[in-house]
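*Asks:* After the structure tokens below, expect a handful of questions from me.
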Amino acid sequence: MAYQFDNIAAHYDRMNRLMTFGLDRRWRKRAVRGLHGNVLDVACGTGDMVVELEKHNCTVTGVDLSEVMLSIARQKLTHSSVSRSAAASSPNLGEQRDSMTVSASSPSKLEGVAAQRADGGVCLQKADAEHLPFEDNTFDAVTCAFGVRNFLHLEQGLSEMLRVLKPEGRIVILELATPDSKFVRPLYNLYTKHIIPWLGSRIAGSREAYTYLHESIERFPKGDDFLKIILNSQFSILSCHQRQLTFGVCRLYWINKEAAVPGRPLCHINPKTIAKVRPFPKPHNTQ
Ligand SMILES: C[S@@+](CC[C@H](N)C(=O)[O-])C[C@H]1O[C@@H](n2cnc3c(N)ncnc32)[C@H](O)[C@@H]1O
């Protein structure tokens with residue numbers, strides 16, 4: 001999987017802008033609304049979510065399997081407007097970002113987070129979402145944009161995201177989906193099955209990677225089916241909601257972790273939460 005992303009990394013951002021007509025940026029902006037504090041972005045890729053989170057003054061840790069995607073993220077962050085202003089007071093910021101990068105096999109689980117806190121910037125590191133190198137209950141929020149669909153073991157990745165999330169914290173997931181509407185779906189299928197792979201071969205030099213995109217979206221559970229998988233994790237969840245964006249071609253999911261109850265371990269299954277799967281109630285509650 002990482003190898004596949006290594007191959008398309010150089011053209012990844014351009015392809016995203018083209019094939020979504022720039023909507024991917026709007027979707028990310030929507031996803032980070034209301035987030036604050038110490039945030040982990042899982043499968044951060046070329047760092048677009050990290051940039052959005054930085055704009056919200058979050059302290060961000062980004063992890064990804066692909067070293068090439070990460071190196072593009074590092075360059076982008078060094079050149080982002082937020083980074084530029086930080087660079088004014090710290091001319092060696094680029095160097096510091098590199099030095100903050102720790103490998104997934106780092107002996108100290110909190111090494112990356114500690115480095116980030118000391119510097120007050122962003123920490124990007126190579127790590128597998130299915131084995132996150134952080135202690136339990138570390139982050140105020142965990143985000144993942146267009147990443148969960150690529151996990152080898154979805155449940156394992158989701159459980160890890162919940163494990164490192166603090167009690168009362170929030171997971172925000174953005175993922176592509178096939179639209180429900182019978183009017184939109186034929187157009188969508190034509191576009192994702194034929195036009196996107198053609199664009200992929202012309203622009204990114206990989207028809208295969210963009211054929212995989214269509215296939216993986218088709219296969220991936222969406223809506224309540226996806227939320228049910230999350231609710232089956234070994235963690236207690238207070239509530240979860242979803243929202244369709246742009247005719248449902250993108251879905252936004254919020255998962256709120258329960259508060260810690262003294263004397264009760266956080267890791268347990270709460271069967272009542274299954275009943276809480278429902279569409280997100282009203283936009284003004286979304287933060
Ligand atoms: C479609 S890209 C999304 C990148 C970015 N989040 C964005 O908003 O554009 C998917 C990313 O997931 C990463 N990925 C896939 N499986 C992963 C895993 N198990 N652990 C960490 N990263 C993973 C890939 O390397 C790739 O960078």
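Here's how to read the names in the structure tokens: chain A, B, ... by the order shown, residue numbers from 1 in each chain, ligand numbers from 1 in the order shown.
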Once you count only C-alpha atoms and all ligand atoms, which residues end up within 9 Å of ligand 1, and could you hand them over as JSON, numbers by chain?
*Replies:* {"A": [1, 2, 3, 4, 5, 6, 9, 12, 13, 16, 24, 25, 28, 41, 42, 43, 44, 45, 46, 47, 48, 49, 50, 63, 64, 65, 66, 67, 68, 69, 70, 126, 127, 128, 129, 130, 131, 132, 143, 144, 145, 146, 147, 148, 149, 150, 151, 152, 153, 154, 157, 174, 213]}
*Asks:* Would you list the contacts of Thr138 (chain A) as JSON, numbers by chain, taking every protein, DNA or RNA residue within 6 Å and counting only C-alpha atoms, but skipping same-chain residues closer than 4 positions in sequence?
*Replies:* {"A": [164, 165, 166]}
*Asks:* Check the smallest atom-to-atom distance from each of A:Glu160, A:Arg207, A:Leu124, A:Arg26 to Ser71 (chain A) using only C-alpha atoms, then report the winner.
*Replies:*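 Closest candidate: A:Leu124.
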*Asks:* If DSSP is run on the backbone, what residues of region 169-266 of chain A are alpha helix (DSSP H)? A reply as a ChimeraX atom specification would be ideal.
*Replies:* /A:184-190,196-199,207-219,224-231
*Asks:* Give me a file of those residues, with N, CA and C atoms, as a compact mmCIF listing (two decimals), in the first residue's frame.
*Replies:*
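What follows is the written file part16.txt:
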# COMPACT_ATOMS: atom_id res chain seq x y z
N VAL A 184 -27.72 10.51 -9.34
CA VAL A 184 -26.31 10.93 -9.33
C VAL A 184 -25.38 9.73 -9.61
N ARG A 185 -25.80 8.53 -9.14
CA ARG A 185 -24.88 7.38 -9.18
C ARG A 185 -24.38 7.01 -10.58
N PRO A 186 -25.24 7.00 -11.62
CA PRO A 186 -24.71 6.63 -12.95
C PRO A 186 -23.62 7.59 -13.43
N LEU A 187 -23.84 8.88 -13.17
CA LEU A 187 -22.81 9.87 -13.57
C LEU A 187 -21.53 9.67 -12.79
N TYR A 188 -21.74 9.43 -11.49
CA TYR A 188 -20.60 9.22 -10.60
C TYR A 188 -19.80 7.99 -11.06
N ASN A 189 -20.52 6.90 -11.40
CA ASN A 189 -19.84 5.66 -11.83
C ASN A 189 -19.05 5.88 -13.11
N LEU A 190 -19.68 6.60 -14.04
CA LEU A 190 -18.99 6.90 -15.30
C LEU A 190 -17.70 7.67 -15.02
N ILE A 196 -11.64 9.14 -14.22
CA ILE A 196 -10.54 9.28 -13.23
C ILE A 196 -9.35 8.36 -13.57
N PRO A 197 -9.56 7.07 -13.91
CA PRO A 197 -8.40 6.26 -14.30
C PRO A 197 -7.65 6.83 -15.52
N TRP A 198 -8.40 7.41 -16.45
CA TRP A 198 -7.75 8.03 -17.62
C TRP A 198 -6.90 9.22 -17.18
N LEU A 199 -7.49 10.08 -16.30
CA LEU A 199 -6.71 11.21 -15.75
C LEU A 199 -5.49 10.69 -15.01
N ARG A 207 -2.63 4.37 -14.20
CA ARG A 207 -4.05 4.06 -14.36
C ARG A 207 -4.50 3.12 -13.25
N GLU A 208 -3.59 2.23 -12.89
CA GLU A 208 -3.88 1.18 -11.90
C GLU A 208 -4.29 1.78 -10.54
N ALA A 209 -3.51 2.78 -10.08
CA ALA A 209 -3.80 3.37 -8.76
C ALA A 209 -5.18 4.01 -8.75
N TYR A 210 -5.58 4.59 -9.87
CA TYR A 210 -6.87 5.29 -9.89
C TYR A 210 -8.02 4.37 -10.28
N THR A 211 -7.70 3.18 -10.77
CA THR A 211 -8.72 2.15 -10.93
C THR A 211 -9.00 1.56 -9.55
N TYR A 212 -7.91 1.42 -8.78
CA TYR A 212 -8.04 0.93 -7.39
C TYR A 212 -8.94 1.88 -6.59
N LEU A 213 -8.82 3.19 -6.87
CA LEU A 213 -9.62 4.17 -6.13
C LEU A 213 -11.10 3.84 -6.27
N HIS A 214 -11.53 3.65 -7.51
CA HIS A 214 -12.95 3.35 -7.74
C HIS A 214 -13.35 2.04 -7.06
N GLU A 215 -12.51 1.03 -7.22
CA GLU A 215 -12.84 -0.30 -6.66
C GLU A 215 -12.91 -0.24 -5.13
N SER A 216 -11.95 0.48 -4.53
CA SER A 216 -11.91 0.52 -3.06
C SER A 216 -13.10 1.31 -2.51
N ILE A 217 -13.53 2.34 -3.22
CA ILE A 217 -14.70 3.10 -2.75
C ILE A 217 -15.95 2.21 -2.80
N GLU A 218 -16.06 1.44 -3.89
CA GLU A 218 -17.23 0.54 -4.03
C GLU A 218 -17.30 -0.48 -2.92
N ARG A 219 -16.12 -1.02 -2.57
CA ARG A 219 -16.05 -2.09 -1.57
C ARG A 219 -16.26 -1.59 -0.15
N ASP A 224 -24.20 4.00 7.97
CA ASP A 224 -24.42 3.23 9.20
C ASP A 224 -23.56 1.96 9.24
N ASP A 225 -23.30 1.35 8.07
CA ASP A 225 -22.48 0.13 8.06
C ASP A 225 -21.09 0.43 8.61
N PHE A 226 -20.56 1.60 8.23
CA PHE A 226 -19.25 1.99 8.73
C PHE A 226 -19.31 2.28 10.23
N LEU A 227 -20.33 3.02 10.64
CA LEU A 227 -20.44 3.37 12.07
C LEU A 227 -20.58 2.12 12.93
N LYS A 228 -21.27 1.10 12.42
CA LYS A 228 -21.43 -0.13 13.20
C LYS A 228 -20.09 -0.81 13.44
N ILE A 229 -19.21 -0.73 12.46
CA ILE A 229 -17.87 -1.32 12.64
C ILE A 229 -17.14 -0.59 13.76
N ILE A 230 -17.27 0.73 13.78
CA ILE A 230 -16.61 1.51 14.84
C ILE A 230 -17.20 1.14 16.20
N LEU A 231 -18.50 1.01 16.24
CA LEU A 231 -19.15 0.72 17.53
C LEU A 231 -18.80 -0.67 18.04
